[in-house]
Amino acid sequence: MDLRFSPYTLELRHAFGIATNSRTSTPAMLVEIEHDGINGFGEASMPPYLGETQETAAAFLAKADASIRGISDPFQLEEILPAIDTLAPGNTAAKAALDIALHDWVGKKLGAPWFRLWGLDPKKTPVTSFTIGIDVPDVVRQKTREAAIYKIIKVKLGRDQPTDEMMIETIRSVTDTPITVDANQGWTNRDEALRMIEWLAVRGVVFIEQPMPKARLDDTAWLRERSPLPLIADESCQRLGDIAALRGVFDGINIKLMKCTGLREAHKMITLARALGLKTMLGCMTETSCAISAAAQLSPLVDWADLDGAVLIKNDPFDGATIVDGKILLPDRAGIGVRKR
Ligand code: MG
């Protein structure tokens, strides 16, 4: 099995602001594996605040190359992917790129999309939210108008209280579409966080993602007992092993391929979360249609999706899952459902 990888810079349509920073591009790594005349595509997307870079991804993939070359049976994902995971700690986006490429290869070899291999109904894909980052009112109004086809708007909050209220009031001056809020750990005082959630609850907000810093589970549990809205873990929930400790702290989890090493672990996380009574959400970074279409294969299983990553970039090299009237549409193509443009 041959492995190829090349750095790729995702160019964003708009500068994207969250609680702690703002940016106009995202470094990525495109991965391709080839075996028996079939190519599998994968991708690592690496927003700088998560700690991976094109250099660390290239170093990890070079290290994984020997394991990939030695694969005799690519169908043994339960053997191959845990072995790749143990090559080095971290590197979750680089690991996800290999996981996605292997899944794409296996699906193509079998001639079936992964939603079919998992037994899922493609009509049950959820609607996806469209994310509006922190910005000045004119830009927020413009982005809200551009989001007219979406049934849910996701808003980044958590910089400070006047900005939080401005963001919500600006969006509400344009539309009454339901809103989900992502505070990105930005609320550090639990009493103030509760007052903000109560203010949001009467303004058509559906849930709150990561209200407080990721390690502050006691404060988050305090908040959850009093919160009129469900709380969803994002930064507090990276991988399968994190979920058990979140029961009673959050109402649900946001699963992202780039955090959890890919489709194999994401599928297990959905199963465990549901067994524990937690709601599930599939999220993304800014990504091409490669990683988005991979995640979309799992989307009929989850309560909410935030898979707008490919819509936010202007140089997507792939065709894959699309968004029609705000709902995810899975192409009837084998593997993860993508082809090169
Ligand atoms: Mg988030």
# chains A, B, ... in the order shown; residues from 1 in each chain; ligands from 1
call {"tool": "residues_around", "arguments": {"residues": "Leu272 in chain A", "least_positions_apart": "5", "cutoff": "9 Å", "atoms": "only C-alpha atoms", "output": "PDB file with N, CA, C and O atoms, in the first residue's frame"}}
result
ATOM      1  N   LEU A 240     -12.728   8.875  22.852  1.00  0.00           N
ATOM      2  CA  LEU A 240     -13.615   7.875  23.463  1.00  0.00           C
ATOM      3  C   LEU A 240     -13.439   7.816  24.982  1.00  0.00           C
ATOM      4  O   LEU A 240     -14.412   7.784  25.731  1.00  0.00           O
ATOM      5  N   ILE A 243     -15.384  10.250  27.573  1.00  0.00           N
ATOM      6  CA  ILE A 243     -16.842  10.375  27.656  1.00  0.00           C
ATOM      7  C   ILE A 243     -17.406  10.009  29.027  1.00  0.00           C
ATOM      8  O   ILE A 243     -18.266  10.720  29.556  1.00  0.00           O
ATOM      9  N   ALA A 244     -16.911   8.925  29.629  1.00  0.00           N
ATOM     10  CA  ALA A 244     -17.521   8.436  30.876  1.00  0.00           C
ATOM     11  C   ALA A 244     -17.539   9.522  31.950  1.00  0.00           C
ATOM     12  O   ALA A 244     -18.517   9.668  32.691  1.00  0.00           O
ATOM     13  N   HIS A 267     -17.396   6.519  15.480  1.00  0.00           N
ATOM     14  CA  HIS A 267     -18.533   5.604  15.517  1.00  0.00           C
ATOM     15  C   HIS A 267     -18.691   5.003  16.913  1.00  0.00           C
ATOM     16  O   HIS A 267     -19.809   4.917  17.447  1.00  0.00           O
ATOM     17  N   GLY A 277     -26.878   7.900  27.620  1.00  0.00           N
ATOM     18  CA  GLY A 277     -27.960   8.888  27.639  1.00  0.00           C
ATOM     19  C   GLY A 277     -27.521  10.281  27.241  1.00  0.00           C
ATOM     20  O   GLY A 277     -28.215  11.261  27.535  1.00  0.00           O
ATOM     21  N   LEU A 278     -26.357  10.404  26.618  1.00  0.00           N
ATOM     22  CA  LEU A 278     -25.883  11.711  26.165  1.00  0.00           C
ATOM     23  C   LEU A 278     -26.340  11.974  24.730  1.00  0.00           C
ATOM     24  O   LEU A 278     -26.386  11.049  23.910  1.00  0.00           O
TER      25      LEU A 278
END
call {"tool": "select_by_dssp", "arguments": {"residues": "range 71-146 of chain A", "states": "strand (DSSP E or B)", "output": "PyMOL selection string"}}
result
chain A and resi 113+127-132
call {"tool": "residues_near_ligand", "arguments": {"ligand": "ligand 1", "cutoff": "12 Å", "atoms": "only C-alpha atoms and all ligand atoms", "output": "PDB file with N, CA and C atoms, in the first residue's frame"}}
result
ATOM      1  N   ILE A  18     -13.177  33.493  16.851  1.00  0.00           N
ATOM      2  CA  ILE A  18     -13.758  32.797  18.002  1.00  0.00           C
ATOM      3  C   ILE A  18     -13.284  33.522  19.260  1.00  0.00           C
ATOM      4  N   ALA A  19     -13.578  32.941  20.450  1.00  0.00           N
ATOM      5  CA  ALA A  19     -13.337  33.650  21.709  1.00  0.00           C
ATOM      6  C   ALA A  19     -11.891  34.127  21.834  1.00  0.00           C
ATOM      7  N   THR A 131     -22.008  28.332  10.755  1.00  0.00           N
ATOM      8  CA  THR A 131     -21.336  29.026  11.848  1.00  0.00           C
ATOM      9  C   THR A 131     -21.036  30.484  11.514  1.00  0.00           C
ATOM     10  N   GLY A 133     -18.865  33.536  13.001  1.00  0.00           N
ATOM     11  CA  GLY A 133     -17.805  33.879  13.954  1.00  0.00           C
ATOM     12  C   GLY A 133     -18.001  35.275  14.517  1.00  0.00           C
ATOM     13  N   LYS A 154     -25.159  28.603  14.076  1.00  0.00           N
ATOM     14  CA  LYS A 154     -24.274  28.446  15.233  1.00  0.00           C
ATOM     15  C   LYS A 154     -23.488  29.736  15.411  1.00  0.00           C
ATOM     16  N   VAL A 155     -23.494  30.251  16.630  1.00  0.00           N
ATOM     17  CA  VAL A 155     -22.848  31.534  16.890  1.00  0.00           C
ATOM     18  C   VAL A 155     -21.696  31.351  17.858  1.00  0.00           C
ATOM     19  N   LYS A 156     -20.566  31.934  17.518  1.00  0.00           N
ATOM     20  CA  LYS A 156     -19.406  31.913  18.402  1.00  0.00           C
ATOM     21  C   LYS A 156     -19.526  33.061  19.399  1.00  0.00           C
ATOM     22  N   LEU A 157     -19.515  32.717  20.700  1.00  0.00           N
ATOM     23  CA  LEU A 157     -19.534  33.732  21.750  1.00  0.00           C
ATOM     24  C   LEU A 157     -18.335  33.507  22.675  1.00  0.00           C
ATOM     25  N   GLY A 158     -18.328  34.255  23.791  1.00  0.00           N
ATOM     26  CA  GLY A 158     -17.315  33.992  24.813  1.00  0.00           C
ATOM     27  C   GLY A 158     -16.169  34.981  24.877  1.00  0.00           C
ATOM     28  N   THR A 180     -27.638  27.926  17.904  1.00  0.00           N
ATOM     29  CA  THR A 180     -26.839  27.227  18.909  1.00  0.00           C
ATOM     30  C   THR A 180     -25.637  28.112  19.211  1.00  0.00           C
ATOM     31  N   VAL A 181     -25.222  28.095  20.477  1.00  0.00           N
ATOM     32  CA  VAL A 181     -24.135  28.977  20.916  1.00  0.00           C
ATOM     33  C   VAL A 181     -22.910  28.142  21.261  1.00  0.00           C
ATOM     34  N   ASP A 182     -21.748  28.565  20.772  1.00  0.00           N
ATOM     35  CA  ASP A 182     -20.475  27.948  21.157  1.00  0.00           C
ATOM     36  C   ASP A 182     -19.626  28.995  21.859  1.00  0.00           C
ATOM     37  N   ALA A 183     -19.446  28.818  23.176  1.00  0.00           N
ATOM     38  CA  ALA A 183     -18.677  29.806  23.956  1.00  0.00           C
ATOM     39  C   ALA A 183     -17.182  29.499  23.930  1.00  0.00           C
ATOM     40  N   ASN A 184     -16.789  28.350  23.394  1.00  0.00           N
ATOM     41  CA  ASN A 184     -15.352  28.012  23.294  1.00  0.00           C
ATOM     42  C   ASN A 184     -14.593  28.266  24.603  1.00  0.00           C
ATOM     43  N   GLN A 185     -15.157  27.848  25.739  1.00  0.00           N
ATOM     44  CA  GLN A 185     -14.534  27.941  27.069  1.00  0.00           C
ATOM     45  C   GLN A 185     -14.419  29.383  27.565  1.00  0.00           C
ATOM     46  N   GLY A 186     -15.135  30.311  26.887  1.00  0.00           N
ATOM     47  CA  GLY A 186     -14.889  31.730  27.154  1.00  0.00           C
ATOM     48  C   GLY A 186     -15.507  32.280  28.429  1.00  0.00           C
ATOM     49  N   PHE A 207     -28.996  25.176  22.404  1.00  0.00           N
ATOM     50  CA  PHE A 207     -28.058  24.622  23.392  1.00  0.00           C
ATOM     51  C   PHE A 207     -26.797  25.466  23.454  1.00  0.00           C
ATOM     52  N   ILE A 208     -25.974  25.161  24.477  1.00  0.00           N
ATOM     53  CA  ILE A 208     -24.710  25.881  24.686  1.00  0.00           C
ATOM     54  C   ILE A 208     -23.560  24.889  24.590  1.00  0.00           C
ATOM     55  N   GLU A 209     -22.628  25.176  23.695  1.00  0.00           N
ATOM     56  CA  GLU A 209     -21.448  24.330  23.554  1.00  0.00           C
ATOM     57  C   GLU A 209     -20.297  24.915  24.376  1.00  0.00           C
ATOM     58  N   GLN A 210     -19.670  24.069  25.152  1.00  0.00           N
ATOM     59  CA  GLN A 210     -18.457  24.373  25.935  1.00  0.00           C
ATOM     60  C   GLN A 210     -18.495  25.764  26.587  1.00  0.00           C
ATOM     61  N   PRO A 211     -19.413  25.934  27.578  1.00  0.00           N
ATOM     62  CA  PRO A 211     -19.508  27.256  28.208  1.00  0.00           C
ATOM     63  C   PRO A 211     -18.252  27.638  28.991  1.00  0.00           C
ATOM     64  N   MET A 212     -17.653  26.649  29.675  1.00  0.00           N
ATOM     65  CA  MET A 212     -16.564  26.983  30.598  1.00  0.00           C
ATOM     66  C   MET A 212     -15.271  26.246  30.220  1.00  0.00           C
ATOM     67  N   PRO A 213     -14.132  26.659  30.812  1.00  0.00           N
ATOM     68  CA  PRO A 213     -12.853  25.996  30.490  1.00  0.00           C
ATOM     69  C   PRO A 213     -12.937  24.478  30.638  1.00  0.00           C
ATOM     70  N   LYS A 214     -12.216  23.771  29.762  1.00  0.00           N
ATOM     71  CA  LYS A 214     -12.435  22.330  29.589  1.00  0.00           C
ATOM     72  C   LYS A 214     -12.205  21.492  30.845  1.00  0.00           C
ATOM     73  N   LEU A 231     -26.183  21.575  27.829  1.00  0.00           N
ATOM     74  CA  LEU A 231     -24.764  21.923  27.666  1.00  0.00           C
ATOM     75  C   LEU A 231     -24.065  20.793  26.901  1.00  0.00           C
ATOM     76  N   ILE A 232     -23.307  21.159  25.887  1.00  0.00           N
ATOM     77  CA  ILE A 232     -22.636  20.179  25.027  1.00  0.00           C
ATOM     78  C   ILE A 232     -21.116  20.337  25.171  1.00  0.00           C
ATOM     79  N   ALA A 233     -20.417  19.218  25.382  1.00  0.00           N
ATOM     80  CA  ALA A 233     -18.950  19.247  25.532  1.00  0.00           C
ATOM     81  C   ALA A 233     -18.273  19.249  24.168  1.00  0.00           C
ATOM     82  N   ASP A 234     -17.311  20.157  23.996  1.00  0.00           N
ATOM     83  CA  ASP A 234     -16.465  20.089  22.802  1.00  0.00           C
ATOM     84  C   ASP A 234     -15.003  19.950  23.254  1.00  0.00           C
ATOM     85  N   GLU A 235     -14.387  21.040  23.720  1.00  0.00           N
ATOM     86  CA  GLU A 235     -12.996  20.948  24.175  1.00  0.00           C
ATOM     87  C   GLU A 235     -12.837  19.935  25.326  1.00  0.00           C
ATOM     88  N   SER A 236     -13.877  19.732  26.150  1.00  0.00           N
ATOM     89  CA  SER A 236     -13.800  18.759  27.255  1.00  0.00           C
ATOM     90  C   SER A 236     -13.883  17.318  26.770  1.00  0.00           C
ATOM     91  N   CYS A 237     -14.235  17.111  25.503  1.00  0.00           N
ATOM     92  CA  CYS A 237     -14.421  15.748  24.989  1.00  0.00           C
ATOM     93  C   CYS A 237     -13.617  15.564  23.712  1.00  0.00           C
ATOM     94  N   GLN A 238     -12.431  15.017  23.848  1.00  0.00           N
ATOM     95  CA  GLN A 238     -11.592  14.808  22.669  1.00  0.00           C
ATOM     96  C   GLN A 238     -11.795  13.396  22.105  1.00  0.00           C
ATOM     97  N   ILE A 253     -22.282  15.507  23.666  1.00  0.00           N
ATOM     98  CA  ILE A 253     -20.890  15.711  23.236  1.00  0.00           C
ATOM     99  C   ILE A 253     -20.843  16.076  21.747  1.00  0.00           C
ATOM    100  N   ASN A 254     -19.825  16.866  21.412  1.00  0.00           N
ATOM    101  CA  ASN A 254     -19.554  17.230  20.018  1.00  0.00           C
ATOM    102  C   ASN A 254     -18.351  16.406  19.556  1.00  0.00           C
ATOM    103  N   ILE A 255     -18.582  15.520  18.598  1.00  0.00           N
ATOM    104  CA  ILE A 255     -17.550  14.610  18.100  1.00  0.00           C
ATOM    105  C   ILE A 255     -16.975  15.175  16.801  1.00  0.00           C
ATOM    106  N   LYS A 256     -15.660  15.248  16.726  1.00  0.00           N
ATOM    107  CA  LYS A 256     -15.005  15.733  15.498  1.00  0.00           C
ATOM    108  C   LYS A 256     -13.918  14.744  15.094  1.00  0.00           C
ATOM    109  N   LYS A 259     -10.352  15.538  16.184  1.00  0.00           N
ATOM    110  CA  LYS A 259     -10.013  15.375  17.598  1.00  0.00           C
ATOM    111  C   LYS A 259      -9.840  13.912  17.962  1.00  0.00           C
ATOM    112  N   MET A 281     -23.486  15.066  18.708  1.00  0.00           N
ATOM    113  CA  MET A 281     -23.368  16.092  17.666  1.00  0.00           C
ATOM    114  C   MET A 281     -22.097  15.777  16.890  1.00  0.00           C
ATOM    115  N   LEU A 282     -22.130  15.980  15.578  1.00  0.00           N
ATOM    116  CA  LEU A 282     -20.926  15.844  14.755  1.00  0.00           C
ATOM    117  C   LEU A 282     -20.489  17.238  14.345  1.00  0.00           C
ATOM    118  N   GLY A 283     -19.246  17.576  14.658  1.00  0.00           N
ATOM    119  CA  GLY A 283     -18.722  18.880  14.304  1.00  0.00           C
ATOM    120  C   GLY A 283     -17.527  18.756  13.385  1.00  0.00           C
ATOM    121  N   CYS A 284     -16.911  19.873  13.084  1.00  0.00           N
ATOM    122  CA  CYS A 284     -15.777  19.865  12.156  1.00  0.00           C
ATOM    123  C   CYS A 284     -14.892  21.075  12.402  1.00  0.00           C
ATOM    124  N   MET A 285     -13.740  21.073  11.765  1.00  0.00           N
ATOM    125  CA  MET A 285     -12.915  22.281  11.647  1.00  0.00           C
ATOM    126  C   MET A 285     -13.279  22.893  10.298  1.00  0.00           C
ATOM    127  N   THR A 286     -12.583  23.959   9.858  1.00  0.00           N
ATOM    128  CA  THR A 286     -12.679  24.274   8.440  1.00  0.00           C
ATOM    129  C   THR A 286     -11.954  23.138   7.736  1.00  0.00           C
ATOM    130  N   ALA A 305     -25.835  18.272  13.750  1.00  0.00           N
ATOM    131  CA  ALA A 305     -24.604  18.326  12.961  1.00  0.00           C
ATOM    132  C   ALA A 305     -24.184  19.769  12.754  1.00  0.00           C
ATOM    133  N   ASP A 306     -22.880  19.953  12.788  1.00  0.00           N
ATOM    134  CA  ASP A 306     -22.290  21.248  12.443  1.00  0.00           C
ATOM    135  C   ASP A 306     -21.193  20.949  11.424  1.00  0.00           C
ATOM    136  N   LEU A 307     -21.624  20.642  10.203  1.00  0.00           N
ATOM    137  CA  LEU A 307     -20.692  20.179   9.164  1.00  0.00           C
ATOM    138  C   LEU A 307     -20.658  21.161   7.996  1.00  0.00           C
TER     139      LEU A 307
END
call {"tool": "residues_around", "arguments": {"residues": "Ala15 in chain A", "least_positions_apart": "5", "cutoff": "12 Å", "atoms": "only C-alpha atoms", "output": "list of chain:residue names"}}
result
A:Asn21, A:Ser22, A:Arg23, A:Thr24, A:Ser25, A:Thr26, A:Ile132, A:Gly133, A:Ile134, A:Asp135, A:Val136, A:Val139, A:Val140, A:Lys143, A:Thr286, A:Leu312, A:Ile313
call {"tool": "residues_around", "arguments": {"residues": "range 108-123 of chain A", "least_positions_apart": "3", "cutoff": "6 Å", "atoms": "only C-alpha atoms", "output": "number ranges by chain"}}
result
A: 105, 297, 333-335
call {"tool": "residues_around", "arguments": {"residues": "range 29-31 of chain A", "least_positions_apart": "2", "cutoff": "12 Å", "atoms": "only C-alpha atoms", "output": "PyMOL selection string"}}
result
chain A and resi 2-10+26-27+33-34+39-47+52-62+65+93-102+104-105+258+287-291+316-318+340
call {"tool": "write_last_selection", "arguments": {"atoms": "C-alpha atoms", "output": "PDB file, in the first residue's frame"}}
result
ATOM      1  CA  ASP A   2       1.477   3.366  -1.063  1.00  0.00           C
ATOM      2  CA  LEU A   3       1.046   6.527   0.999  1.00  0.00           C
ATOM      3  CA  ARG A   4       1.317  10.054  -0.411  1.00  0.00           C
ATOM      4  CA  PHE A   5       0.708  13.321   1.403  1.00  0.00           C
ATOM      5  CA  SER A   6       1.005  17.000   0.560  1.00  0.00           C
ATOM      6  CA  PRO A   7       0.398  20.228   2.505  1.00  0.00           C
ATOM      7  CA  TYR A   8      -2.610  22.307   1.462  1.00  0.00           C
ATOM      8  CA  THR A   9      -3.759  25.680   2.764  1.00  0.00           C
ATOM      9  CA  LEU A  10      -7.512  26.155   3.138  1.00  0.00           C
ATOM     10  CA  THR A  26      -6.237  26.900   7.930  1.00  0.00           C
ATOM     11  CA  PRO A  27      -3.246  24.598   7.310  1.00  0.00           C
ATOM     12  CA  ILE A  33      -3.262   5.772  -0.197  1.00  0.00           C
ATOM     13  CA  GLU A  34      -3.104   3.477  -3.201  1.00  0.00           C
ATOM     14  CA  ASN A  39      -7.082   5.339  -4.256  1.00  0.00           C
ATOM     15  CA  GLY A  40      -8.374   6.302  -0.832  1.00  0.00           C
ATOM     16  CA  PHE A  41      -8.483  10.005   0.097  1.00  0.00           C
ATOM     17  CA  GLY A  42      -7.954  11.504   3.535  1.00  0.00           C
ATOM     18  CA  GLU A  43      -7.339  14.880   5.106  1.00  0.00           C
ATOM     19  CA  ALA A  44      -5.917  16.460   8.248  1.00  0.00           C
ATOM     20  CA  SER A  45      -7.176  19.962   9.078  1.00  0.00           C
ATOM     21  CA  MET A  46      -5.096  21.749  11.705  1.00  0.00           C
ATOM     22  CA  PRO A  47      -6.345  25.063  13.126  1.00  0.00           C
ATOM     23  CA  GLU A  52      -0.654  20.323  15.080  1.00  0.00           C
ATOM     24  CA  THR A  53       1.111  21.791  12.040  1.00  0.00           C
ATOM     25  CA  GLN A  54       1.899  20.665   8.489  1.00  0.00           C
ATOM     26  CA  GLU A  55       5.397  19.859   9.818  1.00  0.00           C
ATOM     27  CA  THR A  56       4.192  17.656  12.702  1.00  0.00           C
ATOM     28  CA  ALA A  57       1.684  15.951  10.395  1.00  0.00           C
ATOM     29  CA  ALA A  58       4.380  15.282   7.774  1.00  0.00           C
ATOM     30  CA  ALA A  59       6.690  13.855  10.458  1.00  0.00           C
ATOM     31  CA  PHE A  60       3.924  11.603  11.814  1.00  0.00           C
ATOM     32  CA  LEU A  61       2.859  10.417   8.350  1.00  0.00           C
ATOM     33  CA  ALA A  62       6.495   9.656   7.441  1.00  0.00           C
ATOM     34  CA  ASP A  65       4.545   5.119   6.207  1.00  0.00           C
ATOM     35  CA  ALA A  93      -5.613  15.112  12.821  1.00  0.00           C
ATOM     36  CA  ALA A  94      -2.791  13.248  11.051  1.00  0.00           C
ATOM     37  CA  LYS A  95      -4.207   9.983  12.432  1.00  0.00           C
ATOM     38  CA  ALA A  96      -7.677  10.998  11.207  1.00  0.00           C
ATOM     39  CA  ALA A  97      -6.273  11.578   7.702  1.00  0.00           C
ATOM     40  CA  LEU A  98      -5.064   7.956   7.573  1.00  0.00           C
ATOM     41  CA  ASP A  99      -8.306   6.640   9.105  1.00  0.00           C
ATOM     42  CA  ILE A 100     -10.386   8.510   6.502  1.00  0.00           C
ATOM     43  CA  ALA A 101      -8.181   7.355   3.593  1.00  0.00           C
ATOM     44  CA  LEU A 102      -8.355   3.720   4.732  1.00  0.00           C
ATOM     45  CA  ASP A 104     -12.387   5.440   1.669  1.00  0.00           C
ATOM     46  CA  TRP A 105     -10.254   2.648   0.224  1.00  0.00           C
ATOM     47  CA  MET A 258      -9.817  15.717  13.801  1.00  0.00           C
ATOM     48  CA  GLU A 287     -12.143  21.269   6.175  1.00  0.00           C
ATOM     49  CA  THR A 288     -12.442  20.288   2.527  1.00  0.00           C
ATOM     50  CA  SER A 289     -15.324  18.113   1.329  1.00  0.00           C
ATOM     51  CA  CYS A 290     -13.027  15.130   1.969  1.00  0.00           C
ATOM     52  CA  ALA A 291     -13.193  15.154   5.788  1.00  0.00           C
ATOM     53  CA  ASP A 316     -12.231  22.975  -1.990  1.00  0.00           C
ATOM     54  CA  PRO A 317     -10.422  20.382  -4.173  1.00  0.00           C
ATOM     55  CA  PHE A 318     -13.180  17.757  -3.680  1.00  0.00           C
ATOM     56  CA  LYS A 340     -11.467  15.147  -7.035  1.00  0.00           C
TER      57      LYS A 340
END
call {"tool": "select_by_dssp", "arguments": {"residues": "range 137-231 of chain A", "states": "alpha helix (DSSP H)", "output": "ChimeraX atom specification"}}
result
/A:137-146,161-172,190-201,217-226
call {"tool": "write_last_selection", "arguments": {"atoms": "N, CA and C atoms", "output": "short mmCIF file (atom, residue, chain, number, x, y, z; two decimals), in the first residue's frame"}}
result
data_model
loop_
_atom_site.label_atom_id
_atom_site.label_comp_id
_atom_site.auth_asym_id
_atom_site.auth_seq_id
_atom_site.Cartn_x
_atom_site.Cartn_y
_atom_site.Cartn_z
N PRO A 137 -20.90 44.27 13.72
CA PRO A 137 -22.31 44.08 13.37
C PRO A 137 -22.61 44.01 11.87
N ASP A 138 -21.98 44.87 11.06
CA ASP A 138 -22.27 44.85 9.61
C ASP A 138 -21.94 43.50 9.00
N VAL A 139 -20.80 42.93 9.37
CA VAL A 139 -20.38 41.63 8.83
C VAL A 139 -21.30 40.52 9.36
N VAL A 140 -21.67 40.61 10.64
CA VAL A 140 -22.56 39.60 11.22
C VAL A 140 -23.92 39.62 10.52
N ARG A 141 -24.43 40.81 10.23
CA ARG A 141 -25.69 40.92 9.50
C ARG A 141 -25.57 40.28 8.11
N GLN A 142 -24.46 40.59 7.42
CA GLN A 142 -24.25 40.07 6.07
C GLN A 142 -24.16 38.54 6.10
N LYS A 143 -23.40 37.98 7.07
CA LYS A 143 -23.27 36.52 7.16
C LYS A 143 -24.61 35.88 7.50
N THR A 144 -25.40 36.55 8.34
CA THR A 144 -26.72 36.01 8.71
C THR A 144 -27.62 35.94 7.48
N ARG A 145 -27.56 36.96 6.64
CA ARG A 145 -28.36 36.94 5.39
C ARG A 145 -27.90 35.82 4.48
N GLU A 146 -26.55 35.62 4.40
CA GLU A 146 -26.00 34.54 3.56
C GLU A 146 -26.43 33.17 4.07
N GLN A 161 -19.04 40.03 27.58
CA GLN A 161 -20.51 40.11 27.61
C GLN A 161 -21.10 41.10 26.60
N PRO A 162 -20.52 42.33 26.46
CA PRO A 162 -21.11 43.24 25.44
C PRO A 162 -21.04 42.63 24.03
N THR A 163 -19.93 41.97 23.68
CA THR A 163 -19.82 41.36 22.35
C THR A 163 -20.82 40.22 22.20
N ASP A 164 -20.96 39.38 23.25
CA ASP A 164 -21.92 38.28 23.20
C ASP A 164 -23.33 38.81 22.91
N GLU A 165 -23.73 39.85 23.66
CA GLU A 165 -25.09 40.37 23.48
C GLU A 165 -25.25 41.04 22.11
N MET A 166 -24.20 41.72 21.65
CA MET A 166 -24.24 42.35 20.32
C MET A 166 -24.43 41.28 19.24
N MET A 167 -23.68 40.17 19.35
CA MET A 167 -23.76 39.11 18.33
C MET A 167 -25.20 38.59 18.22
N ILE A 168 -25.80 38.25 19.37
CA ILE A 168 -27.16 37.68 19.37
C ILE A 168 -28.18 38.72 18.88
N GLU A 169 -28.06 39.94 19.39
CA GLU A 169 -29.04 40.97 18.99
C GLU A 169 -28.92 41.29 17.50
N THR A 170 -27.70 41.28 16.97
CA THR A 170 -27.51 41.55 15.54
C THR A 170 -28.15 40.46 14.70
N ILE A 171 -27.91 39.19 15.08
CA ILE A 171 -28.52 38.09 14.31
C ILE A 171 -30.04 38.14 14.42
N ARG A 172 -30.52 38.42 15.62
CA ARG A 172 -31.99 38.48 15.83
C ARG A 172 -32.62 39.68 15.11
N ARG A 190 -19.00 31.15 36.83
CA ARG A 190 -20.19 30.32 36.62
C ARG A 190 -21.49 31.08 36.85
N ASP A 191 -21.49 32.05 37.79
CA ASP A 191 -22.71 32.83 38.02
C ASP A 191 -23.03 33.70 36.80
N GLU A 192 -21.99 34.33 36.25
CA GLU A 192 -22.19 35.15 35.05
C GLU A 192 -22.61 34.27 33.86
N ALA A 193 -22.02 33.06 33.79
CA ALA A 193 -22.38 32.12 32.71
C ALA A 193 -23.86 31.77 32.80
N LEU A 194 -24.34 31.51 34.03
CA LEU A 194 -25.76 31.16 34.21
C LEU A 194 -26.66 32.31 33.79
N ARG A 195 -26.28 33.55 34.20
CA ARG A 195 -27.11 34.70 33.80
C ARG A 195 -27.14 34.85 32.28
N MET A 196 -25.99 34.62 31.63
CA MET A 196 -25.95 34.73 30.16
C MET A 196 -26.82 33.65 29.52
N ILE A 197 -26.76 32.41 30.05
CA ILE A 197 -27.57 31.33 29.47
C ILE A 197 -29.07 31.64 29.63
N GLU A 198 -29.44 32.19 30.81
CA GLU A 198 -30.85 32.56 31.01
C GLU A 198 -31.28 33.65 30.02
N TRP A 199 -30.36 34.58 29.75
CA TRP A 199 -30.64 35.65 28.75
C TRP A 199 -30.80 35.03 27.36
N LEU A 200 -29.94 34.04 27.04
CA LEU A 200 -29.99 33.40 25.72
C LEU A 200 -31.23 32.52 25.55
N ALA A 201 -31.68 31.90 26.66
CA ALA A 201 -32.77 30.92 26.58
C ALA A 201 -34.07 31.55 26.08
N LEU A 217 -14.84 20.81 35.29
CA LEU A 217 -16.01 19.95 35.22
C LEU A 217 -16.96 20.17 36.40
N ASP A 218 -16.41 20.48 37.60
CA ASP A 218 -17.29 20.72 38.75
C ASP A 218 -18.16 21.96 38.53
N ASP A 219 -17.54 23.03 38.03
CA ASP A 219 -18.31 24.25 37.76
C ASP A 219 -19.33 24.01 36.64
N THR A 220 -18.95 23.20 35.64
CA THR A 220 -19.87 22.92 34.55
C THR A 220 -21.06 22.09 35.05
N ALA A 221 -20.79 21.13 35.95
CA ALA A 221 -21.88 20.33 36.53
C ALA A 221 -22.82 21.23 37.34
N TRP A 222 -22.25 22.19 38.09
CA TRP A 222 -23.06 23.17 38.84
C TRP A 222 -23.95 23.94 37.88
N LEU A 223 -23.34 24.38 36.77
CA LEU A 223 -24.07 25.16 35.77
C LEU A 223 -25.20 24.33 35.15
N ARG A 224 -24.88 23.07 34.84
CA ARG A 224 -25.87 22.20 34.18
C ARG A 224 -27.11 22.00 35.06
N GLU A 225 -26.89 21.86 36.38
CA GLU A 225 -28.03 21.67 37.29
C GLU A 225 -29.01 22.84 37.22
N ARG A 226 -28.49 24.02 36.91
CA ARG A 226 -29.32 25.23 36.93
C ARG A 226 -29.69 25.75 35.53
#
call {"tool": "residues_around", "arguments": {"residues": "Ile179 in chain A", "least_positions_apart": "5", "cutoff": "6 Å", "atoms": "only C-alpha atoms", "output": "PyMOL selection string"}}
result
chain A and resi 152-154+205-206
call {"tool": "closest_residue", "arguments": {"among": "A:Asp36, A:Thr92, A:Asp85, A:Ile292", "to": "Gly51 in chain A", "atoms": "only C-alpha atoms"}}
result
A:Thr92
call {"tool": "closest_residue", "arguments": {"among": "A:Gly107, A:Asn91, A:Thr20, A:Arg216", "to": "Arg159 in chain A", "atoms": "only C-alpha atoms"}}
result
A:Thr20
call {"tool": "atom_distance", "arguments": {"atom1": "CA of Pro82 in chain A", "atom2": "CA of Gly262 in chain A"}}
result
11.2 Å
call {"tool": "closest_residue", "arguments": {"among": "A:Val311, A:Leu229, A:Ile149, A:Ala295", "to": "Gly337 in chain A", "atoms": "only C-alpha atoms"}}
result
A:Ala295
call {"tool": "closest_residue", "arguments": {"among": "A:Lys327, A:His14, A:His103, A:Lys63", "to": "Ile38 in chain A", "atoms": "only C-alpha atoms"}}
result
A:His103
call {"tool": "atom_distance", "arguments": {"atom1": "CA of Ile84 in chain A", "atom2": "CA of Ser299 in chain A"}}
result
25.0 Å
call {"tool": "closest_residue", "arguments": {"among": "A:Ile323, A:Pro228, A:Asp251, A:Arg339", "to": "Lys151 in chain A", "atoms": "only C-alpha atoms"}}
result
A:Ile323
